[in-house]
$ cat my_file.tsv   # TSV, C-alpha atoms
chain	number	residue	atom	x	y	z
R	140	MET	CA	-59.86	14.47	-21.28
R	141	SER	CA	-57.35	12.67	-19.08
R	142	ILE	CA	-55.15	9.91	-20.42
R	143	ALA	CA	-53.73	7.12	-18.29
R	144	HIS	CA	-51.39	4.32	-19.28
R	145	TRP	CA	-51.41	0.69	-18.32
R	146	SER	CA	-48.98	-2.16	-18.57
R	147	THR	CA	-48.81	-5.82	-17.63
R	148	MET	CA	-45.54	-7.42	-16.58
R	149	ASP	CA	-44.56	-10.90	-15.51
R	150	THR	CA	-43.71	-11.44	-11.84
R	151	PRO	CA	-42.79	-14.59	-9.89
R	152	ILE	CA	-46.43	-14.88	-8.81
R	153	GLY	CA	-48.08	-14.16	-12.13
R	154	PRO	CA	-48.91	-11.18	-14.30
R	155	PHE	CA	-49.10	-7.77	-12.60
R	156	THR	CA	-50.98	-4.89	-14.22
R	157	ALA	CA	-50.91	-1.24	-13.21
R	158	VAL	CA	-52.93	1.74	-14.40
R	159	VAL	CA	-51.00	4.98	-14.00
R	160	ALA	CA	-52.18	8.58	-14.38
R	161	SER	CA	-50.22	10.93	-16.63
R	162	ASP	CA	-48.44	12.37	-13.57
R	163	GLY	CA	-47.17	8.92	-12.51
R	164	ALA	CA	-49.68	8.18	-9.73
R	165	VAL	CA	-51.00	4.61	-9.56
R	166	LEU	CA	-54.77	4.52	-9.99
R	167	ALA	CA	-55.15	0.73	-9.83
R	168	SER	CA	-52.90	-2.32	-9.73
R	169	GLY	CA	-52.96	-6.02	-9.04
R	170	TRP	CA	-51.87	-9.51	-10.02
R	171	THR	CA	-53.91	-9.94	-13.18
R	172	ALA	CA	-53.46	-9.59	-16.92
R	173	ASP	CA	-57.08	-8.47	-17.26
R	174	LEU	CA	-57.34	-4.68	-17.38
R	175	ASN	CA	-61.11	-5.05	-16.89
R	176	ALA	CA	-60.46	-6.53	-13.43
R	177	LEU	CA	-58.78	-3.26	-12.41
R	178	THR	CA	-60.71	-0.42	-13.99
R	179	PRO	CA	-63.91	-0.91	-11.92
R	180	GLN	CA	-61.79	-0.35	-8.79
R	181	ILE	CA	-60.85	3.18	-9.83
R	182	SER	CA	-62.97	5.87	-8.17
R	183	ARG	CA	-65.48	7.31	-10.65
R	184	SER	CA	-64.00	10.77	-10.14
R	185	LEU	CA	-60.58	9.48	-11.20
R	186	VAL	CA	-61.50	7.30	-14.18
R	187	PRO	CA	-59.39	8.47	-17.12
R	188	GLY	CA	-61.05	9.45	-20.37
R	189	GLU	CA	-58.66	7.21	-22.27
R	190	LEU	CA	-56.46	4.25	-21.40
R	191	ARG	CA	-53.42	3.50	-23.51
R	192	GLU	CA	-51.19	0.46	-23.22
R	193	LYS	CA	-47.53	1.23	-22.69
R	194	ARG	CA	-44.73	-1.31	-22.47
R	195	ASP	CA	-43.00	0.38	-19.54
R	196	LEU	CA	-44.52	2.69	-16.93
R	197	GLY	CA	-41.20	4.17	-15.84
R	198	ALA	CA	-40.81	4.42	-12.06
R	199	VAL	CA	-43.84	2.19	-11.46
R	200	SER	CA	-42.53	-0.68	-13.61
R	201	THR	CA	-39.08	-0.32	-12.07
R	202	ALA	CA	-40.55	-0.44	-8.56
R	203	VAL	CA	-42.60	-3.56	-9.34
R	204	ARG	CA	-39.53	-5.36	-10.73
R	205	ARG	CA	-37.32	-4.27	-7.80
R	206	TYR	CA	-39.93	-5.24	-5.19
R	207	HIS	CA	-40.37	-8.74	-6.61
R	208	ALA	CA	-36.57	-9.09	-6.79
R	209	GLY	CA	-36.26	-8.35	-3.07
R	210	ALA	CA	-36.01	-4.54	-2.72
R	211	LEU	CA	-39.11	-4.33	-0.53
R	212	ASP	CA	-38.91	-0.56	-0.10
R	213	ALA	CA	-38.98	0.06	-3.87
R	214	ILE	CA	-42.75	0.65	-3.74
R	215	ASP	CA	-42.71	3.14	-0.86
R	216	ASP	CA	-42.25	6.37	-2.80
R	217	ILE	CA	-44.54	5.61	-5.74
R	218	PRO	CA	-47.48	8.03	-5.64
R	219	VAL	CA	-50.97	6.57	-5.43
R	220	ARG	CA	-54.28	8.26	-6.09
R	221	GLN	CA	-57.49	6.83	-4.67
R	222	ARG	CA	-60.62	8.68	-3.67
R	223	SER	CA	-63.34	7.84	-1.17
R	224	GLY	CA	-64.64	9.05	2.16
R	225	GLU	CA	-62.43	10.60	4.81
R	226	PHE	CA	-61.86	7.41	6.82
R	227	LEU	CA	-60.98	5.24	3.83
R	228	GLN	CA	-58.55	7.82	2.45
R	229	HIS	CA	-56.88	8.08	5.84
R	230	ALA	CA	-56.86	4.30	6.29
R	231	TRP	CA	-55.13	3.83	2.91
R	232	ASP	CA	-52.48	6.39	3.91
R	233	VAL	CA	-51.97	4.55	7.21
R	234	LEU	CA	-51.66	1.24	5.39
R	235	ARG	CA	-48.69	2.61	3.47
R	236	THR	CA	-46.87	3.00	6.82
R	237	VAL	CA	-47.13	-0.71	7.75
R	238	PRO	CA	-43.59	-1.98	7.18
R	239	ALA	CA	-42.76	-5.02	5.08
R	240	GLY	CA	-42.21	-8.07	7.27
R	241	LYS	CA	-44.37	-6.68	10.10
R	242	PRO	CA	-47.98	-7.54	9.26
R	243	VAL	CA	-50.75	-6.27	11.54
R	244	THR	CA	-54.17	-7.61	12.45
R	245	TYR	CA	-57.36	-5.92	11.33
R	246	SER	CA	-57.78	-4.77	14.97
R	247	ASP	CA	-54.28	-3.27	14.99
R	248	TYR	CA	-54.94	-1.62	11.65
R	249	ALA	CA	-58.18	-0.04	12.91
R	250	ALA	CA	-56.29	1.31	15.94
R	251	LEU	CA	-53.47	2.66	13.74
R	252	ALA	CA	-56.12	4.42	11.65
R	253	GLY	CA	-57.42	6.10	14.82
R	254	ARG	CA	-60.66	4.15	15.17
R	255	PRO	CA	-59.95	1.02	17.26
R	256	ALA	CA	-63.60	-0.08	17.25
R	257	ALA	CA	-63.88	0.24	13.46
R	258	ILE	CA	-62.52	-3.19	12.60
R	259	ARG	CA	-65.06	-3.76	9.83
R	260	ALA	CA	-64.29	-0.35	8.34
R	261	ALA	CA	-60.58	-1.24	8.36
R	262	ALA	CA	-61.36	-4.51	6.60
R	263	SER	CA	-63.45	-2.56	4.09
R	264	ALA	CA	-60.48	-0.27	3.41
R	265	CYS	CA	-58.45	-3.35	2.49
R	266	ALA	CA	-61.23	-4.77	0.34
R	267	ARG	CA	-61.75	-1.47	-1.52
R	268	ASN	CA	-58.05	-0.76	-2.07
R	269	ALA	CA	-57.51	-0.34	-5.81
R	270	ALA	CA	-53.71	0.01	-5.66
R	271	ALA	CA	-52.57	-3.39	-4.41
R	272	LEU	CA	-48.86	-3.67	-3.63
R	273	PHE	CA	-48.38	0.12	-3.44
R	274	VAL	CA	-51.02	0.29	-0.69
R	275	PRO	CA	-50.04	-3.01	0.93
R	276	CYS	CA	-53.35	-4.43	2.12
R	277	HIS	CA	-51.73	-7.88	2.00
R	278	ARG	CA	-49.97	-6.91	5.27
R	279	VAL	CA	-53.22	-7.13	7.25
R	280	LEU	CA	-54.17	-10.47	8.82
R	281	ARG	CA	-56.91	-11.87	10.99
R	282	ILE	CA	-56.27	-12.31	14.70
R	283	GLY	CA	-54.20	-15.45	15.14
R	284	GLY	CA	-52.44	-14.95	11.81
R	285	ALA	CA	-55.13	-16.32	9.46
R	286	MET	CA	-54.87	-14.87	5.98
R	287	GLY	CA	-58.32	-13.35	5.57
R	288	GLY	CA	-59.39	-12.34	2.10
R	289	PHE	CA	-57.35	-10.85	-0.72
R	290	ARG	CA	-58.70	-9.78	-4.12
R	291	TRP	CA	-55.78	-11.44	-5.93
R	292	GLY	CA	-56.02	-14.76	-4.06
R	293	ILE	CA	-54.73	-16.22	-0.83
R	294	GLU	CA	-51.79	-17.85	-2.65
R	295	VAL	CA	-50.58	-14.42	-3.82
R	296	LYS	CA	-51.05	-12.96	-0.33
R	297	ARG	CA	-49.08	-15.83	1.23
R	298	TRP	CA	-46.26	-15.40	-1.33
R	299	LEU	CA	-46.08	-11.65	-0.60
R	300	LEU	CA	-45.96	-12.18	3.17
R	301	ASP	CA	-43.32	-14.91	2.82
R	302	HIS	CA	-41.34	-12.67	0.44
R	303	GLU	CA	-41.40	-9.90	3.05
R	304	SER	CA	-40.71	-12.13	6.05
R	305	PRO	CA	-37.38	-11.32	7.73
R	306	GLU	CA	-37.00	-15.00	8.73
R	307	LEU	CA	-36.94	-16.02	5.08
R	308	ARG	CA	-34.70	-13.23	3.82

$ encode --input "my_file.tsv" --output "structure tokens"
Amino acid sequence: MSIAHWSTMDTPIGPFTAVVASDGAVLASGWTADLNALTPQISRSLVPGELREKRDLGAVSTAVRRYHAGALDAIDDIPVRQRSGEFLQHAWDVLRTVPAGKPVTYSDYAALAGRPAAIRAAASACARNAAALFVPCHRVLRIGGAMGGFRWGIEVKRWLLDHESPELR
């Protein structure tokens, strides 16, 4: 039986909760204090047998604090584990290469993922991303710069993009 830990911490944009496997990989994360809002996002094949609350998640908690304090690259080396079909897995990996302060459109994201015509599939990868922040789906916008959707709310997405904007740094 696998055991994972979870923790909620305060951030400038509200509570942030992460679920982390015993090896330190993020299974799910987002701006919520409700663990039940995260656990359904974890792939069935990765759902831990037991979840235990832990005050500090080590490198993950440190990265979350550092990111919100302005060290935008603090999240880059945190391992993430998500499971789905081949395209979604690849698309999530590609999303981790989109730099802070340089958001892309859904069309650009589909092209980066190697399937320029698969704009809806790229949008689906964002919508099904369980590891928000560490797989930065907030960096994908509609053509023309419109926000599009975001599981944790448009206000959170706007804060993240402003936080990462080189003009505001």

$ atom_distance --input "my_file.tsv" --atom1 "CA of Asp195 in chain R" --atom2 "CA of Leu177 in chain R"
17.7 Å

$ atom_distance --input "my_file.tsv" --atom1 "CA of Phe226 in chain R" --atom2 "CA of Ala252 in chain R"
8.1 Å

$ closest_residue --input "my_file.tsv" --among "R:Val274, R:Thr201, R:His207, R:Ala172" --to "Trp298 in chain R" --atoms "only C-alpha atoms"
R:His207

$ closest_residue --input "my_file.tsv" --among "R:Thr244, R:Arg278, R:Gly197, R:Val219" --to "Asp232 in chain R" --atoms "all atoms listed in the file"
R:Val219

$ atom_distance --input "my_file.tsv" --atom1 "CA of Pro275 in chain R" --atom2 "CA of Leu299 in chain R"
9.6 Å

$ residues_near_point --input "my_file.tsv" --point "(-62.1, 2.2, 8.8)" --cutoff "6 Å" --atoms "all atoms listed in the file" --output "list in words"
Phe226, Leu227, Ala257, Ala260 and Ala261 of chain R

$ write_last_selection --input "my_file.tsv" --atoms "C-alpha atoms" --output "PDB file, keeping the file's coordinate frame"
ATOM      1  CA  PHE R 226     -61.860   7.410   6.820  1.00  0.00           C
ATOM      2  CA  LEU R 227     -60.980   5.240   3.830  1.00  0.00           C
ATOM      3  CA  ALA R 257     -63.880   0.240  13.460  1.00  0.00           C
ATOM      4  CA  ALA R 260     -64.290  -0.350   8.340  1.00  0.00           C
ATOM      5  CA  ALA R 261     -60.580  -1.240   8.360  1.00  0.00           C
TER       6      ALA R 261
END

$ closest_residue --input "my_file.tsv" --among "R:Pro187, R:Gly169, R:Pro305, R:Gly224" --to "Phe289 in chain R" --atoms "only C-alpha atoms"
R:Gly169

$ residues_around --input "my_file.tsv" --residues "Arg290 in chain R" --least-positions-apart "6" --cutoff "12 Å" --atoms "all atoms listed in the file" --output "list in words"
Ser168, Gly169, Trp170, Thr171, Ala176, Leu177, Gln180, Ser263, Cys265, Ala266, Arg267, Asn268, Ala269, Ala270, Ala271, Leu272, Cys276, His277 and Lys296 of chain R

$ residues_around --input "my_file.tsv" --residues "Ala210 in chain R" --least-positions-apart "4" --cutoff "12 Å" --atoms "all atoms listed in the file" --output "PDB file with C-alpha atoms, in the coordinates of the input"
ATOM      1  CA  THR R 201     -39.080  -0.320 -12.070  1.00  0.00           C
ATOM      2  CA  ALA R 202     -40.550  -0.440  -8.560  1.00  0.00           C
ATOM      3  CA  VAL R 203     -42.600  -3.560  -9.340  1.00  0.00           C
ATOM      4  CA  ARG R 204     -39.530  -5.360 -10.730  1.00  0.00           C
ATOM      5  CA  ARG R 205     -37.320  -4.270  -7.800  1.00  0.00           C
ATOM      6  CA  TYR R 206     -39.930  -5.240  -5.190  1.00  0.00           C
ATOM      7  CA  ILE R 214     -42.750   0.650  -3.740  1.00  0.00           C
ATOM      8  CA  ASP R 215     -42.710   3.140  -0.860  1.00  0.00           C
ATOM      9  CA  ALA R 239     -42.760  -5.020   5.080  1.00  0.00           C
ATOM     10  CA  HIS R 302     -41.340 -12.670   0.440  1.00  0.00           C
ATOM     11  CA  GLU R 303     -41.400  -9.900   3.050  1.00  0.00           C
ATOM     12  CA  ARG R 308     -34.700 -13.230   3.820  1.00  0.00           C
TER      13      ARG R 308
END

$ closest_residue --input "my_file.tsv" --among "R:Ser246, R:Gln228, R:Ser200, R:Ser223" --to "Met148 in chain R" --atoms "all atoms listed in the file"
R:Ser200

$ residues_near_point --input "my_file.tsv" --point "(-45.7, -6.4, -17.4)" --cutoff "8 Å" --atoms "all atoms listed in the file" --output "ChimeraX atom specification"
/R:146-150,154-156,194-195,200

$ write_last_selection --input "my_file.tsv" --atoms "C-alpha atoms" --output "PDB file, keeping the file's coordinate frame"
ATOM      1  CA  SER R 146     -48.980  -2.160 -18.570  1.00  0.00           C
ATOM      2  CA  THR R 147     -48.810  -5.820 -17.630  1.00  0.00           C
ATOM      3  CA  MET R 148     -45.540  -7.420 -16.580  1.00  0.00           C
ATOM      4  CA  ASP R 149     -44.560 -10.900 -15.510  1.00  0.00           C
ATOM      5  CA  THR R 150     -43.710 -11.440 -11.840  1.00  0.00           C
ATOM      6  CA  PRO R 154     -48.910 -11.180 -14.300  1.00  0.00           C
ATOM      7  CA  PHE R 155     -49.100  -7.770 -12.600  1.00  0.00           C
ATOM      8  CA  THR R 156     -50.980  -4.890 -14.220  1.00  0.00           C
ATOM      9  CA  ARG R 194     -44.730  -1.310 -22.470  1.00  0.00           C
ATOM     10  CA  ASP R 195     -43.000   0.380 -19.540  1.00  0.00           C
ATOM     11  CA  SER R 200     -42.530  -0.680 -13.610  1.00  0.00           C
TER      12      SER R 200
END

$ axis_aligned_box --input "my_file.tsv" --around "range 217-228 of chain R" --padding-each-side "3 Å" --output "lines of an AutoDock Vina configuration file"
center_x = -54.6
center_y = 7.9
center_z = 0.4
size_x = 26.1
size_y = 11.4
size_z = 18.9

$ closest_residue --input "my_file.tsv" --among "R:Val233, R:Ala249, R:Arg281, R:Val159" --to "Glu189 in chain R" --atoms "only C-alpha atoms"
R:Val159

$ build_atoms --input "my_file.tsv" --residues "range 193-204 of chain R" --atoms "all heavy atoms" --output "mmCIF file, keeping the file's coordinate frame"
data_model
loop_
_atom_site.group_PDB
_atom_site.id
_atom_site.type_symbol
_atom_site.label_atom_id
_atom_site.label_comp_id
_atom_site.auth_asym_id
_atom_site.auth_seq_id
_atom_site.Cartn_x
_atom_site.Cartn_y
_atom_site.Cartn_z
ATOM 1 N N LYS R 193 -48.912 0.776 -22.574
ATOM 2 C CA LYS R 193 -47.530 1.230 -22.690
ATOM 3 C C LYS R 193 -46.645 0.101 -22.159
ATOM 4 O O LYS R 193 -46.940 -0.479 -21.121
ATOM 5 C CB LYS R 193 -47.362 2.502 -21.853
ATOM 6 C CG LYS R 193 -46.107 3.263 -22.096
ATOM 7 C CD LYS R 193 -46.180 4.587 -21.324
ATOM 8 C CE LYS R 193 -44.996 5.450 -21.646
ATOM 9 N NZ LYS R 193 -45.045 6.710 -20.877
ATOM 10 N N ARG R 194 -45.583 -0.197 -22.868
ATOM 11 C CA ARG R 194 -44.730 -1.310 -22.470
ATOM 12 C C ARG R 194 -44.129 -1.108 -21.087
ATOM 13 O O ARG R 194 -44.064 -2.025 -20.279
ATOM 14 C CB ARG R 194 -43.609 -1.504 -23.484
ATOM 15 C CG ARG R 194 -42.639 -2.607 -23.107
ATOM 16 C CD ARG R 194 -41.653 -2.791 -24.193
ATOM 17 N NE ARG R 194 -42.352 -3.377 -25.329
ATOM 18 C CZ ARG R 194 -41.978 -4.470 -25.949
ATOM 19 N NH1 ARG R 194 -40.887 -5.073 -25.590
ATOM 20 N NH2 ARG R 194 -42.658 -4.945 -26.945
ATOM 21 N N ASP R 195 -43.678 0.100 -20.803
ATOM 22 C CA ASP R 195 -43.000 0.380 -19.540
ATOM 23 C C ASP R 195 -43.604 1.639 -18.923
ATOM 24 O O ASP R 195 -43.771 2.649 -19.602
ATOM 25 C CB ASP R 195 -41.505 0.575 -19.797
ATOM 26 C CG ASP R 195 -40.717 0.659 -18.510
ATOM 27 O OD1 ASP R 195 -40.706 1.746 -17.900
ATOM 28 O OD2 ASP R 195 -40.113 -0.344 -18.111
ATOM 29 N N LEU R 196 -43.908 1.571 -17.640
ATOM 30 C CA LEU R 196 -44.520 2.690 -16.930
ATOM 31 C C LEU R 196 -43.491 3.453 -16.092
ATOM 32 O O LEU R 196 -43.821 4.069 -15.089
ATOM 33 C CB LEU R 196 -45.660 2.192 -16.035
ATOM 34 C CG LEU R 196 -46.813 1.519 -16.759
ATOM 35 C CD1 LEU R 196 -47.790 0.894 -15.774
ATOM 36 C CD2 LEU R 196 -47.527 2.503 -17.676
ATOM 37 N N GLY R 197 -42.241 3.403 -16.512
ATOM 38 C CA GLY R 197 -41.200 4.170 -15.840
ATOM 39 C C GLY R 197 -40.971 3.734 -14.404
ATOM 40 O O GLY R 197 -40.718 2.563 -14.128
ATOM 41 N N ALA R 198 -41.091 4.679 -13.477
ATOM 42 C CA ALA R 198 -40.810 4.420 -12.060
ATOM 43 C C ALA R 198 -41.689 3.312 -11.496
ATOM 44 O O ALA R 198 -41.238 2.518 -10.662
ATOM 45 C CB ALA R 198 -40.973 5.701 -11.256
ATOM 46 N N VAL R 199 -42.929 3.224 -11.963
ATOM 47 C CA VAL R 199 -43.840 2.190 -11.460
ATOM 48 C C VAL R 199 -43.355 0.803 -11.883
ATOM 49 O O VAL R 199 -43.249 -0.107 -11.057
ATOM 50 C CB VAL R 199 -45.289 2.454 -11.927
ATOM 51 C CG1 VAL R 199 -46.200 1.278 -11.597
ATOM 52 C CG2 VAL R 199 -45.826 3.737 -11.297
ATOM 53 N N SER R 200 -43.027 0.620 -13.144
ATOM 54 C CA SER R 200 -42.530 -0.680 -13.610
ATOM 55 C C SER R 200 -41.220 -1.045 -12.921
ATOM 56 O O SER R 200 -41.028 -2.200 -12.514
ATOM 57 C CB SER R 200 -42.326 -0.659 -15.133
ATOM 58 O OG SER R 200 -43.567 -0.519 -15.789
ATOM 59 N N THR R 201 -40.353 -0.068 -12.758
ATOM 60 C CA THR R 201 -39.080 -0.320 -12.070
ATOM 61 C C THR R 201 -39.334 -0.762 -10.637
ATOM 62 O O THR R 201 -38.726 -1.720 -10.151
ATOM 63 C CB THR R 201 -38.199 0.945 -12.099
ATOM 64 O OG1 THR R 201 -37.907 1.255 -13.462
ATOM 65 C CG2 THR R 201 -36.908 0.743 -11.333
ATOM 66 N N ALA R 202 -40.249 -0.092 -9.946
ATOM 67 C CA ALA R 202 -40.550 -0.440 -8.560
ATOM 68 C C ALA R 202 -41.131 -1.843 -8.442
ATOM 69 O O ALA R 202 -40.775 -2.594 -7.532
ATOM 70 C CB ALA R 202 -41.516 0.584 -7.971
ATOM 71 N N VAL R 203 -42.000 -2.215 -9.363
ATOM 72 C CA VAL R 203 -42.600 -3.560 -9.340
ATOM 73 C C VAL R 203 -41.507 -4.613 -9.526
ATOM 74 O O VAL R 203 -41.440 -5.601 -8.780
ATOM 75 C CB VAL R 203 -43.704 -3.708 -10.404
ATOM 76 C CG1 VAL R 203 -44.169 -5.153 -10.531
ATOM 77 C CG2 VAL R 203 -44.877 -2.782 -10.082
ATOM 78 N N ARG R 204 -40.634 -4.402 -10.502
ATOM 79 C CA ARG R 204 -39.530 -5.360 -10.730
ATOM 80 C C ARG R 204 -38.623 -5.445 -9.511
ATOM 81 O O ARG R 204 -38.260 -6.538 -9.065
ATOM 82 C CB ARG R 204 -38.727 -4.951 -11.960
ATOM 83 C CG ARG R 204 -39.381 -5.292 -13.286
ATOM 84 C CD ARG R 204 -38.429 -5.116 -14.466
ATOM 85 N NE ARG R 204 -38.046 -3.735 -14.688
ATOM 86 C CZ ARG R 204 -38.742 -2.850 -15.408
ATOM 87 N NH1 ARG R 204 -39.867 -3.226 -15.984
ATOM 88 N NH2 ARG R 204 -38.318 -1.624 -15.565
#
